[in-house]
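Notes follow the structure.
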Amino acid sequence: MEPAVHLRGAVSLLGRFPALAGVDLDVATGEIVLLRGPNGAGKTTLLRCCAALLPVTSGEAMVLGHDLAGLTGPARRALRRQVGLLAHATGLYDELTVADNVAFWARAAGADRADAEAAMTRLELDGRLRDVAVGRLSAGQRRRASLAVLLARRPALWLLDEPHAGLDQAGRDLLDGLIGDGARAGAAVVLASHERDRAESIATRTVTIAGGTIVDDSVVGAAPPVATGARRAP
Amino acid sequence: MNDGTSSPGTRVLGALTLIGMAVLLAFALVISPADETQEETVRMFYVHVPTALVAFGAFFLTVAASVGYLLRRSEGWDVMAGASAEVGAVLLAATLVSGMLWGRVTWGVYWTWDARLTLTALLFVLVLGYLAVRRLPLERERRSRLAAVVGLLLGPATVACHYATTWWRTLHQGPTITTADAKMDGTMLFTFFLGMVVFGLLYVWLLVHRFRVLWLEHRVEDLGLDEAIAERRREAVGVS
Amino acid sequence: MTAVLAVLATLADAADAAVAADAAVATEDRGFQWALVLACWVAVLAAVALVAVRSAQRGRRLARQIPEEQRRWM
Amino acid sequence: MLRDAALVAGKDLRLEARSRVALNQVAPFALLVLMLFAFALDPDRGILARVTPGLYWVAVLFSGLLAVQRAFAVESTDGVADALRLSGLDPAGVFLGKVAAVAVQLLALEVLLGLGVVVLYGADPSSVALLVPTCLAATLGLAAAGSVYGILAAGLRVRETLLPLLLLPVLAPVLIAATSAFESALGGFPGEGWRWLGLLVVFAALYTGLGLATFGVLLEDG
């Protein structure tokens, strides 16, 4: 089966700085890859390249069956629609409520209102928080709202940049459960994290990146964890 | 002599332009007669009208090259659009200066809201905006793309501005100014066409040089990329 | 743009005032016409020359930084 | 495309309903401009009445600039620009949605400013047949051109200064045409105004078409 992500010698420039200096990486569907490495190693750039948000200047880059080189409008849109990116920024409109935000982004990706409601329920945002403007949420609550958007869009490739940051214990457990469910449902997951213990417990593979290249790629062999939340998966 | 943006071709072109300019100056300032109605001020037209027309041509090339870039995404079109806009901006400034000085001596004021003068001023601001986009500190590909769209939009903007300013002046029945009311004799006509040729040559000459300067800027940007990648990879040593 | 037009309008007003003083002389005086004609040509040619010289300097500085084979037009 | 447009427009109007930036900041600003003009020009000598069309459209232009700036500021904060690119929305749909939302807000502003010039400057708005279509066409042109340049400048650090530089000269024909059409209408000789209305319609159609064609390029990595 075709890997979800296939990179060979991928170089990506930020201005004149080679943030990625030749990356070789394959991620299969159903895999949970932990991406670790020091600050400035290229983790975020790698995730953004996989989302077709940054151009790969040279080298091979295939994501979800699309060649990133020469990707034109409609094909690029089709690819991006299947990618869920959880970045440091929320990607939400601060002045809209959680419910409005999740509904808008879910519907933009072709999902319907029911998907949005189910995702909010799953992230425990269906109570009081539902009608609160995103700008007035705490950092952890915002992260949950971003996760709800990701979940509602049902992406085939999850790109999570420091997903545990800012979440409380319950939130982290919930997130781990979601990641496990996603992978079992056939999504490929790449998560960049400094929190080694927590991330390693869910990852099926650990990849170390430094200086814009992969320096270590080892199979951990952990089975995806079972969802811990009492609620049913959406 | 690989020390700049010259080549045998541009040297010949440059020599032709300079000789042509000298001949043009002789005709414009000495040989051609003063006009009956406009007297000596007609000598400004030999610079005013050619710079204006060539500047419009330069604009047209910028628009065309921008479209070319959007279709082909090749560096050459992008650089061509930028180079043409730069030279066009200089020529437009020359048009404005000569137009204002002519206005000063003929109408007694530096500026009137003549349709053509207003259009030229608008175009000048439009091209300044375009050049501002070209100087944005962005990744080259993105900057080229934004510049190409702005360059493409110069076309319809010019057309819209043309109709708006023309109707604006004619419907308001302000001072109607026709610049072509002078009766031109043979020498004057020859001087005018010589001016067109010389400023055309000047444009092409400058265009080629600016194209090469912008091209070199890109090459300098690319410089040391392999070295930078190797250096970046050395950061990885000892991390795993 | 409006700001620019406003500035231009102000300039025009200022010019108006200055011109009002010698308007009568202006149209008759050929010396004055010649002065403006020369000013016009000098301004245009000087501007073009300035741009050309600066461009040449920049081209030379850039060309020195890159290897020979990338300057094949020369 | 139209579904995406409706989605984006609905989202923008909901955002305005919640934040009330246009209502609480842009509208008072527009009225303030009208008052400042009255201070700057002597209102007793009929100058104000003569230049009402121009002042009205200058006020609309500046408020429109603020509205466009606001409409695209919300798309460039906190990862929203990335989210928009990942959303799968059709760029042409996003463009139409933004145009529609900006146009609706501008039309509301124009009604307010219209009341303003009637009350403050004593304008006579009886030639509705020309005034209303002029407003509609000018607004569409303003919103379309504004959206093209708005998204172009949205992700940039210099957007507050770059947008006026790019947009205002492009909108000069709209200012000239709308002002002239209003002059004809208010001056009681509407016949001449139809030609200007034609120019406004062509401008609006032109920039809507250009926006549909180029928005994908601008949004791709904008």
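Residue numbering restarts at 1 for every chain of the structure tokens, chains are lettered A, B, ... in their displayed order, and ligands are numbered from 1 as they appear.
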
Quick one: which chain D residues come within 10 Å of chain B, and what is the nearest atom pair for each with the distance in Å to one decimal, counting only C-alpha atoms, rows ordered by chain and ascending number, as JSON lines?
{"residue": "D:Ala145", "atom": "CA", "partner": "B:Leu153", "partner_atom": "CA", "distance": 9.8}
{"residue": "D:Val148", "atom": "CA", "partner": "B:Val149", "partner_atom": "CA", "distance": 9.3}
{"residue": "D:Tyr149", "atom": "CA", "partner": "B:Val150", "partner_atom": "CA", "distance": 8.3}
{"residue": "D:Leu152", "atom": "CA", "partner": "B:Leu146", "partner_atom": "CA", "distance": 6.8}
{"residue": "D:Ala153", "atom": "CA", "partner": "B:Leu146", "partner_atom": "CA", "distance": 9.1}
{"residue": "D:Leu156", "atom": "CA", "partner": "B:Leu136", "partner_atom": "CA", "distance": 8.6}
{"residue": "D:Arg157", "atom": "CA", "partner": "B:Leu136", "partner_atom": "CA", "distance": 9.4}
{"residue": "D:Val158", "atom": "CA", "partner": "B:Leu136", "partner_atom": "CA", "distance": 8.6}
{"residue": "D:Leu162", "atom": "CA", "partner": "B:Gly129", "partner_atom": "CA", "distance": 7.6}
{"residue": "D:Leu163", "atom": "CA", "partner": "B:Gly129", "partner_atom": "CA", "distance": 9.1}
{"residue": "D:Pro164", "atom": "CA", "partner": "B:Gly129", "partner_atom": "CA", "distance": 9.3}
{"residue": "D:Leu165", "atom": "CA", "partner": "B:Gly129", "partner_atom": "CA", "distance": 5.8}
{"residue": "D:Leu166", "atom": "CA", "partner": "B:Gly129", "partner_atom": "CA", "distance": 5.2}
{"residue": "D:Leu167", "atom": "CA", "partner": "B:Gly129", "partner_atom": "CA", "distance": 8.9}
{"residue": "D:Leu168", "atom": "CA", "partner": "B:Leu126", "partner_atom": "CA", "distance": 9.1}
{"residue": "D:Pro169", "atom": "CA", "partner": "B:Leu122", "partner_atom": "CA", "distance": 6.2}
{"residue": "D:Val170", "atom": "CA", "partner": "B:Ala157", "partner_atom": "CA", "distance": 5.6}
{"residue": "D:Leu171", "atom": "CA", "partner": "B:Ala157", "partner_atom": "CA", "distance": 8.4}
{"residue": "D:Ala172", "atom": "CA", "partner": "B:Cys161", "partner_atom": "CA", "distance": 7.0}
{"residue": "D:Pro173", "atom": "CA", "partner": "B:Ala164", "partner_atom": "CA", "distance": 5.2}
{"residue": "D:Val174", "atom": "CA", "partner": "B:Ala164", "partner_atom": "CA", "distance": 8.2}
{"residue": "D:Leu175", "atom": "CA", "partner": "B:Ala164", "partner_atom": "CA", "distance": 9.2}
{"residue": "D:Ile176", "atom": "CA", "partner": "B:Ala164", "partner_atom": "CA", "distance": 6.4}
{"residue": "D:Ala177", "atom": "CA", "partner": "B:Ala164", "partner_atom": "CA", "distance": 6.5}
{"residue": "D:Ser180", "atom": "CA", "partner": "B:Trp168", "partner_atom": "CA", "distance": 7.7}
{"residue": "D:Glu192", "atom": "CA", "partner": "B:Leu171", "partner_atom": "CA", "distance": 8.5}
{"residue": "D:Arg195", "atom": "CA", "partner": "B:Trp167", "partner_atom": "CA", "distance": 9.3}
{"residue": "D:Trp196", "atom": "CA", "partner": "B:Ala164", "partner_atom": "CA", "distance": 8.4}
{"residue": "D:Leu199", "atom": "CA", "partner": "B:Ala164", "partner_atom": "CA", "distance": 7.8}
{"residue": "D:Leu200", "atom": "CA", "partner": "B:Ala160", "partner_atom": "CA", "distance": 9.4}
{"residue": "D:Val202", "atom": "CA", "partner": "B:Ala160", "partner_atom": "CA", "distance": 8.8}
{"residue": "D:Phe203", "atom": "CA", "partner": "B:Ala160", "partner_atom": "CA", "distance": 7.0}
{"residue": "D:Leu206", "atom": "CA", "partner": "B:Pro156", "partner_atom": "CA", "distance": 7.7}
{"residue": "D:Tyr207", "atom": "CA", "partner": "B:Pro156", "partner_atom": "CA", "distance": 8.4}
{"residue": "D:Leu210", "atom": "CA", "partner": "B:Leu153", "partner_atom": "CA", "distance": 8.0}
{"residue": "D:Gly211", "atom": "CA", "partner": "B:Leu153", "partner_atom": "CA", "distance": 9.9}
{"residue": "D:Thr214", "atom": "CA", "partner": "B:Val149", "partner_atom": "CA", "distance": 7.0}
{"residue": "D:Phe215", "atom": "CA", "partner": "B:Val149", "partner_atom": "CA", "distance": 9.3}
{"residue": "D:Val217", "atom": "CA", "partner": "B:Arg145", "partner_atom": "CA", "distance": 7.3}
{"residue": "D:Leu218", "atom": "CA", "partner": "B:Leu146", "partner_atom": "CA", "distance": 6.6}
{"residue": "D:Leu219", "atom": "CA", "partner": "B:Leu146", "partner_atom": "CA", "distance": 9.9}
{"residue": "D:Glu220", "atom": "CA", "partner": "B:Arg142", "partner_atom": "CA", "distance": 9.3}
{"residue": "D:Asp221", "atom": "CA", "partner": "B:Arg142", "partner_atom": "CA", "distance": 7.0}
{"residue": "D:Gly222", "atom": "CA", "partner": "B:Arg142", "partner_atom": "CA", "distance": 7.7}

message: Residues within 12 Å of region 175-178 of chain A, please, as a PyMOL selection string. Count only C-alpha atoms; anything in the same chain fewer than 3 positions from it doesn't count.
response: chain A and resi 32+86+119+122-124+140+143-148+150-152+154+158+160+162-172+181-185+187+189+191+198-203+224-234

field: Picked from region 105-145 of chain B by DSSP as helix (DSSP H, G or I), as number ranges by chain
entry: B: 105-106, 115-134, 140-145

- prompt: How many Å separate CA of Ala71 (chain D) from CA of Val104 (chain D)?
  reply: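 About the pair CA of Ala71 (chain D) and CA of Val104 (chain D): they are 12.0 Å apart.
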
message: as a PyMOL selection string, could you give me every residue of chain A near chain D (at most 10 Å apart, counting only C-alpha atoms)?
response: chain A and resi 48+51-55+72-74+76-97+100-101+103-110+133+153

- prompt: Neighbours of His218 (chain B) within 12 Å (only C-alpha atoms; same-chain residues fewer than 3 positions away dropped), as a list in words?
  reply: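 Contacts, in chain order: Arg16 of chain A; Glu75, Gly76, Asp78, Val79, Glu139, Arg140, Glu141, Ser144, Phe211, Arg212, Val213, Leu214, Trp215, Glu221, Asp222 and Leu223 of chain B; Gly59, Leu62, Ala63, Gln65, Ile66 and Gln70 of chain C.
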
Only N, CA and C atoms, please: the residues just picked out, written as a short mmCIF file (atom, residue, chain, number, x, y, z; two decimals), in the first residue's frame.
data_model
loop_
_atom_site.label_atom_id
_atom_site.label_comp_id
_atom_site.auth_asym_id
_atom_site.auth_seq_id
_atom_site.Cartn_x
_atom_site.Cartn_y
_atom_site.Cartn_z
N ARG A 16 16.38 32.09 2.63
CA ARG A 16 17.57 31.43 2.13
C ARG A 16 18.04 30.33 3.08
N GLU B 75 11.12 32.29 -14.31
CA GLU B 75 11.79 33.45 -13.74
C GLU B 75 11.95 34.59 -14.74
N GLY B 76 12.20 34.23 -16.00
CA GLY B 76 12.46 35.24 -17.02
C GLY B 76 11.32 36.25 -17.14
N ASP B 78 9.08 37.00 -14.92
CA ASP B 78 9.00 37.80 -13.70
C ASP B 78 10.02 38.94 -13.75
N VAL B 79 11.26 38.59 -14.10
CA VAL B 79 12.31 39.60 -14.14
C VAL B 79 12.02 40.64 -15.22
N GLU B 139 9.69 35.12 0.31
CA GLU B 139 10.31 34.10 -0.53
C GLU B 139 10.09 34.50 -1.98
N ARG B 140 11.10 34.20 -2.80
CA ARG B 140 11.05 34.73 -4.17
C ARG B 140 9.82 34.28 -4.93
N GLU B 141 9.48 33.01 -4.79
CA GLU B 141 8.37 32.47 -5.57
C GLU B 141 7.07 33.19 -5.21
N SER B 144 7.16 36.82 -6.48
CA SER B 144 6.93 36.86 -7.92
C SER B 144 5.46 36.69 -8.23
N PHE B 211 17.17 44.11 -16.57
CA PHE B 211 16.86 42.68 -16.57
C PHE B 211 18.03 41.91 -15.99
N ARG B 212 19.23 42.26 -16.45
CA ARG B 212 20.41 41.52 -16.01
C ARG B 212 20.71 41.79 -14.54
N VAL B 213 20.49 43.03 -14.10
CA VAL B 213 20.74 43.33 -12.68
C VAL B 213 19.80 42.50 -11.80
N LEU B 214 18.51 42.47 -12.18
CA LEU B 214 17.55 41.69 -11.37
C LEU B 214 17.89 40.20 -11.41
N TRP B 215 18.32 39.76 -12.60
CA TRP B 215 18.69 38.36 -12.75
C TRP B 215 19.88 38.04 -11.83
N GLU B 221 21.14 35.63 -4.62
CA GLU B 221 20.30 35.02 -3.59
C GLU B 221 20.50 33.51 -3.53
N ASP B 222 20.65 32.90 -4.72
CA ASP B 222 20.82 31.45 -4.77
C ASP B 222 22.19 31.01 -4.29
N LEU B 223 23.11 31.98 -4.30
CA LEU B 223 24.50 31.65 -4.06
C LEU B 223 24.68 30.96 -2.72
N GLY C 59 25.12 46.37 -10.90
CA GLY C 59 25.39 45.21 -11.72
C GLY C 59 26.82 44.72 -11.53
N LEU C 62 27.18 43.06 -8.09
CA LEU C 62 26.55 41.74 -8.05
C LEU C 62 27.35 40.73 -8.86
N ALA C 63 27.80 41.17 -10.05
CA ALA C 63 28.48 40.24 -10.96
C ALA C 63 29.74 39.70 -10.32
N GLN C 65 30.15 38.81 -7.40
CA GLN C 65 29.88 37.80 -6.38
C GLN C 65 29.58 36.42 -6.93
N ILE C 66 29.29 36.33 -8.20
CA ILE C 66 28.84 35.03 -8.70
C ILE C 66 29.81 34.49 -9.74
N GLN C 70 27.65 31.76 -14.76
CA GLN C 70 26.27 32.24 -14.64
C GLN C 70 26.08 33.61 -15.28
#

Skipping near chain neighbours, those fewer than 4 positions away, what residues fall within 10 Å of Ala38 (chain D) using only C-alpha atoms, listed as a PDB file with N, CA and C atoms, in the first residue's frame?
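Once written, selection-v5.pdb looks like this:
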ATOM      1  N   LEU D  32     -17.721  60.975  11.215  1.00  0.00           N
ATOM      2  CA  LEU D  32     -16.730  61.949  11.652  1.00  0.00           C
ATOM      3  C   LEU D  32     -16.089  62.641  10.457  1.00  0.00           C
ATOM      4  N   VAL D  33     -15.804  61.840   9.401  1.00  0.00           N
ATOM      5  CA  VAL D  33     -15.210  62.428   8.201  1.00  0.00           C
ATOM      6  C   VAL D  33     -16.141  63.498   7.635  1.00  0.00           C
ATOM      7  N   LEU D  34     -17.453  63.172   7.574  1.00  0.00           N
ATOM      8  CA  LEU D  34     -18.421  64.159   7.062  1.00  0.00           C
ATOM      9  C   LEU D  34     -18.367  65.448   7.876  1.00  0.00           C
ATOM     10  N   ASP D  42     -16.145  76.067   4.428  1.00  0.00           N
ATOM     11  CA  ASP D  42     -17.112  76.996   5.002  1.00  0.00           C
ATOM     12  C   ASP D  42     -18.532  76.555   4.652  1.00  0.00           C
ATOM     13  N   PRO D  43     -19.317  76.085   5.643  1.00  0.00           N
ATOM     14  CA  PRO D  43     -20.636  75.535   5.311  1.00  0.00           C
ATOM     15  C   PRO D  43     -21.648  76.606   4.916  1.00  0.00           C
ATOM     16  N   ASP D  44     -21.379  77.871   5.208  1.00  0.00           N
ATOM     17  CA  ASP D  44     -22.397  78.906   4.970  1.00  0.00           C
ATOM     18  C   ASP D  44     -22.430  79.406   3.533  1.00  0.00           C
ATOM     19  N   ILE D  47     -20.546  76.024  -0.350  1.00  0.00           N
ATOM     20  CA  ILE D  47     -19.462  75.177  -0.855  1.00  0.00           C
ATOM     21  C   ILE D  47     -19.790  73.716  -0.586  1.00  0.00           C
ATOM     22  N   LEU D  48     -20.286  73.482   0.632  1.00  0.00           N
ATOM     23  CA  LEU D  48     -20.594  72.124   1.062  1.00  0.00           C
ATOM     24  C   LEU D  48     -21.609  71.478   0.120  1.00  0.00           C
ATOM     25  N   LEU D  55     -17.448  64.653  -1.423  1.00  0.00           N
ATOM     26  CA  LEU D  55     -17.187  64.369  -0.013  1.00  0.00           C
ATOM     27  C   LEU D  55     -17.800  63.034   0.392  1.00  0.00           C
ATOM     28  N   LEU D 120     -26.926  66.749   7.307  1.00  0.00           N
ATOM     29  CA  LEU D 120     -25.858  67.705   7.618  1.00  0.00           C
ATOM     30  C   LEU D 120     -25.602  68.695   6.488  1.00  0.00           C
ATOM     31  N   TYR D 121     -25.668  68.211   5.230  1.00  0.00           N
ATOM     32  CA  TYR D 121     -25.318  69.083   4.103  1.00  0.00           C
ATOM     33  C   TYR D 121     -26.546  69.551   3.328  1.00  0.00           C
TER      34      TYR D 121
END

task: Give the residues of chain B that lie within 9 Å of chain C; count only C-alpha atoms, and format the answer as a count of residues only.
output: 53

message: Would you compute the distance between CA of Met21 (chain B) and CA of Leu201 (chain B)? Give it in Å to one decimal.
response: 9.6 Å

message: Could you tell me how far CA of Glu60 (chain A) sits from CA of Gly9 (chain A), in Å to one decimal place?
response: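 It comes out at 6.4 Å.
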
Find the residues in chain B near chain A: any atom within 6 Å counts, using only C-alpha atoms. Write them as a PDB file with all heavy atoms, in the first residue's frame.
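Generated output (result.pdb):
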ATOM      1  N   GLU B 139       9.686  35.117   0.308  1.00  0.00           N
ATOM      2  CA  GLU B 139      10.308  34.097  -0.533  1.00  0.00           C
ATOM      3  C   GLU B 139      10.090  34.503  -1.979  1.00  0.00           C
ATOM      4  O   GLU B 139       9.038  35.017  -2.332  1.00  0.00           O
ATOM      5  CB  GLU B 139       9.656  32.727  -0.292  1.00  0.00           C
ATOM      6  CG  GLU B 139      10.173  32.001   0.912  1.00  0.00           C
ATOM      7  CD  GLU B 139       9.365  32.339   2.149  1.00  0.00           C
ATOM      8  OE1 GLU B 139       8.173  32.055   2.129  1.00  0.00           O
ATOM      9  OE2 GLU B 139       9.924  32.902   3.103  1.00  0.00           O
ATOM     10  N   ILE B 229      23.051  24.176   2.827  1.00  0.00           N
ATOM     11  CA  ILE B 229      22.440  22.871   3.114  1.00  0.00           C
ATOM     12  C   ILE B 229      23.440  21.975   3.837  1.00  0.00           C
ATOM     13  O   ILE B 229      23.111  21.328   4.837  1.00  0.00           O
ATOM     14  CB  ILE B 229      21.943  22.214   1.805  1.00  0.00           C
ATOM     15  CG1 ILE B 229      20.740  22.987   1.281  1.00  0.00           C
ATOM     16  CG2 ILE B 229      21.577  20.754   2.032  1.00  0.00           C
ATOM     17  CD1 ILE B 229      20.212  22.500  -0.035  1.00  0.00           C
ATOM     18  N   ARG B 232      23.775  23.140   7.331  1.00  0.00           N
ATOM     19  CA  ARG B 232      22.580  22.757   8.083  1.00  0.00           C
ATOM     20  C   ARG B 232      22.658  21.294   8.495  1.00  0.00           C
ATOM     21  O   ARG B 232      22.329  20.928   9.617  1.00  0.00           O
ATOM     22  CB  ARG B 232      21.353  23.019   7.206  1.00  0.00           C
ATOM     23  CG  ARG B 232      20.040  22.550   7.774  1.00  0.00           C
ATOM     24  CD  ARG B 232      19.485  23.507   8.782  1.00  0.00           C
ATOM     25  NE  ARG B 232      18.099  23.193   9.104  1.00  0.00           N
ATOM     26  CZ  ARG B 232      17.573  23.273  10.316  1.00  0.00           C
ATOM     27  NH1 ARG B 232      18.322  23.664  11.331  1.00  0.00           N
ATOM     28  NH2 ARG B 232      16.308  22.996  10.521  1.00  0.00           N
ATOM     29  N   ARG B 233      23.128  20.460   7.596  1.00  0.00           N
ATOM     30  CA  ARG B 233      23.194  19.026   7.913  1.00  0.00           C
ATOM     31  C   ARG B 233      24.243  18.741   8.981  1.00  0.00           C
ATOM     32  O   ARG B 233      24.105  17.777   9.729  1.00  0.00           O
ATOM     33  CB  ARG B 233      23.497  18.222   6.652  1.00  0.00           C
ATOM     34  CG  ARG B 233      22.370  18.243   5.636  1.00  0.00           C
ATOM     35  CD  ARG B 233      22.721  17.424   4.422  1.00  0.00           C
ATOM     36  NE  ARG B 233      22.623  16.000   4.711  1.00  0.00           N
ATOM     37  CZ  ARG B 233      21.640  15.216   4.281  1.00  0.00           C
ATOM     38  NH1 ARG B 233      20.664  15.719   3.563  1.00  0.00           N
ATOM     39  NH2 ARG B 233      21.629  13.940   4.574  1.00  0.00           N
ATOM     40  N   GLU B 235      24.669  20.404  11.578  1.00  0.00           N
ATOM     41  CA  GLU B 235      24.038  20.600  12.893  1.00  0.00           C
ATOM     42  C   GLU B 235      23.592  19.268  13.488  1.00  0.00           C
ATOM     43  O   GLU B 235      23.498  19.101  14.698  1.00  0.00           O
ATOM     44  CB  GLU B 235      22.783  21.476  12.777  1.00  0.00           C
ATOM     45  CG  GLU B 235      23.047  22.948  12.569  1.00  0.00           C
ATOM     46  CD  GLU B 235      21.732  23.676  12.323  1.00  0.00           C
ATOM     47  OE1 GLU B 235      20.678  23.212  12.809  1.00  0.00           O
ATOM     48  OE2 GLU B 235      21.761  24.699  11.628  1.00  0.00           O
ATOM     49  N   ALA B 236      23.286  18.318  12.590  1.00  0.00           N
ATOM     50  CA  ALA B 236      22.703  17.057  13.039  1.00  0.00           C
ATOM     51  C   ALA B 236      23.725  16.163  13.718  1.00  0.00           C
ATOM     52  O   ALA B 236      23.357  15.270  14.471  1.00  0.00           O
ATOM     53  CB  ALA B 236      22.098  16.323  11.844  1.00  0.00           C
ATOM     54  N   SER B 240      21.608  12.476  17.560  1.00  0.00           N
ATOM     55  CA  SER B 240      20.803  11.275  17.793  1.00  0.00           C
ATOM     56  C   SER B 240      21.278  10.537  19.045  1.00  0.00           C
ATOM     57  O   SER B 240      20.512  10.233  19.912  1.00  0.00           O
ATOM     58  CB  SER B 240      20.890  10.350  16.603  1.00  0.00           C
ATOM     59  OG  SER B 240      22.152   9.715  16.597  1.00  0.00           O
TER      60      SER B 240
END

query: Could you pull the residues within 7 Å of Asp131 (chain A), counting only C-alpha atoms, minus those fewer than 3 positions along the same chain, as a list in words?
result: Thr97, Val98, Ala99 and Arg128 of chain A

- prompt: What lies within 8 Å of Ala181 (chain D) using only C-alpha atoms, ignoring chain neighbours under 3 positions off, as a PyMOL selection string?
  reply: chain D and resi 130-131+134+177-178+184-185+190+192-194+196-197

Preceding selection exported with C-alpha atoms as a CSV table (one decimal), in the first residue's frame:
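What follows is the written file selection_2.csv:
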chain,number,residue,atom,x,y,z
D,130,LEU,CA,-29.8,57.0,-10.6
D,131,LEU,CA,-28.5,57.2,-7.0
D,134,THR,CA,-24.8,54.0,-8.7
D,177,ALA,CA,-17.5,58.0,-11.8
D,178,ALA,CA,-19.6,57.7,-8.6
D,184,SER,CA,-25.7,64.7,-12.1
D,185,ALA,CA,-28.4,63.2,-9.9
D,190,PRO,CA,-29.4,62.9,-14.3
D,192,GLU,CA,-25.3,62.6,-17.9
D,193,GLY,CA,-25.1,60.3,-15.0
D,194,TRP,CA,-26.0,57.1,-16.9
D,196,TRP,CA,-20.9,57.1,-15.4
D,197,LEU,CA,-23.1,54.4,-14.1
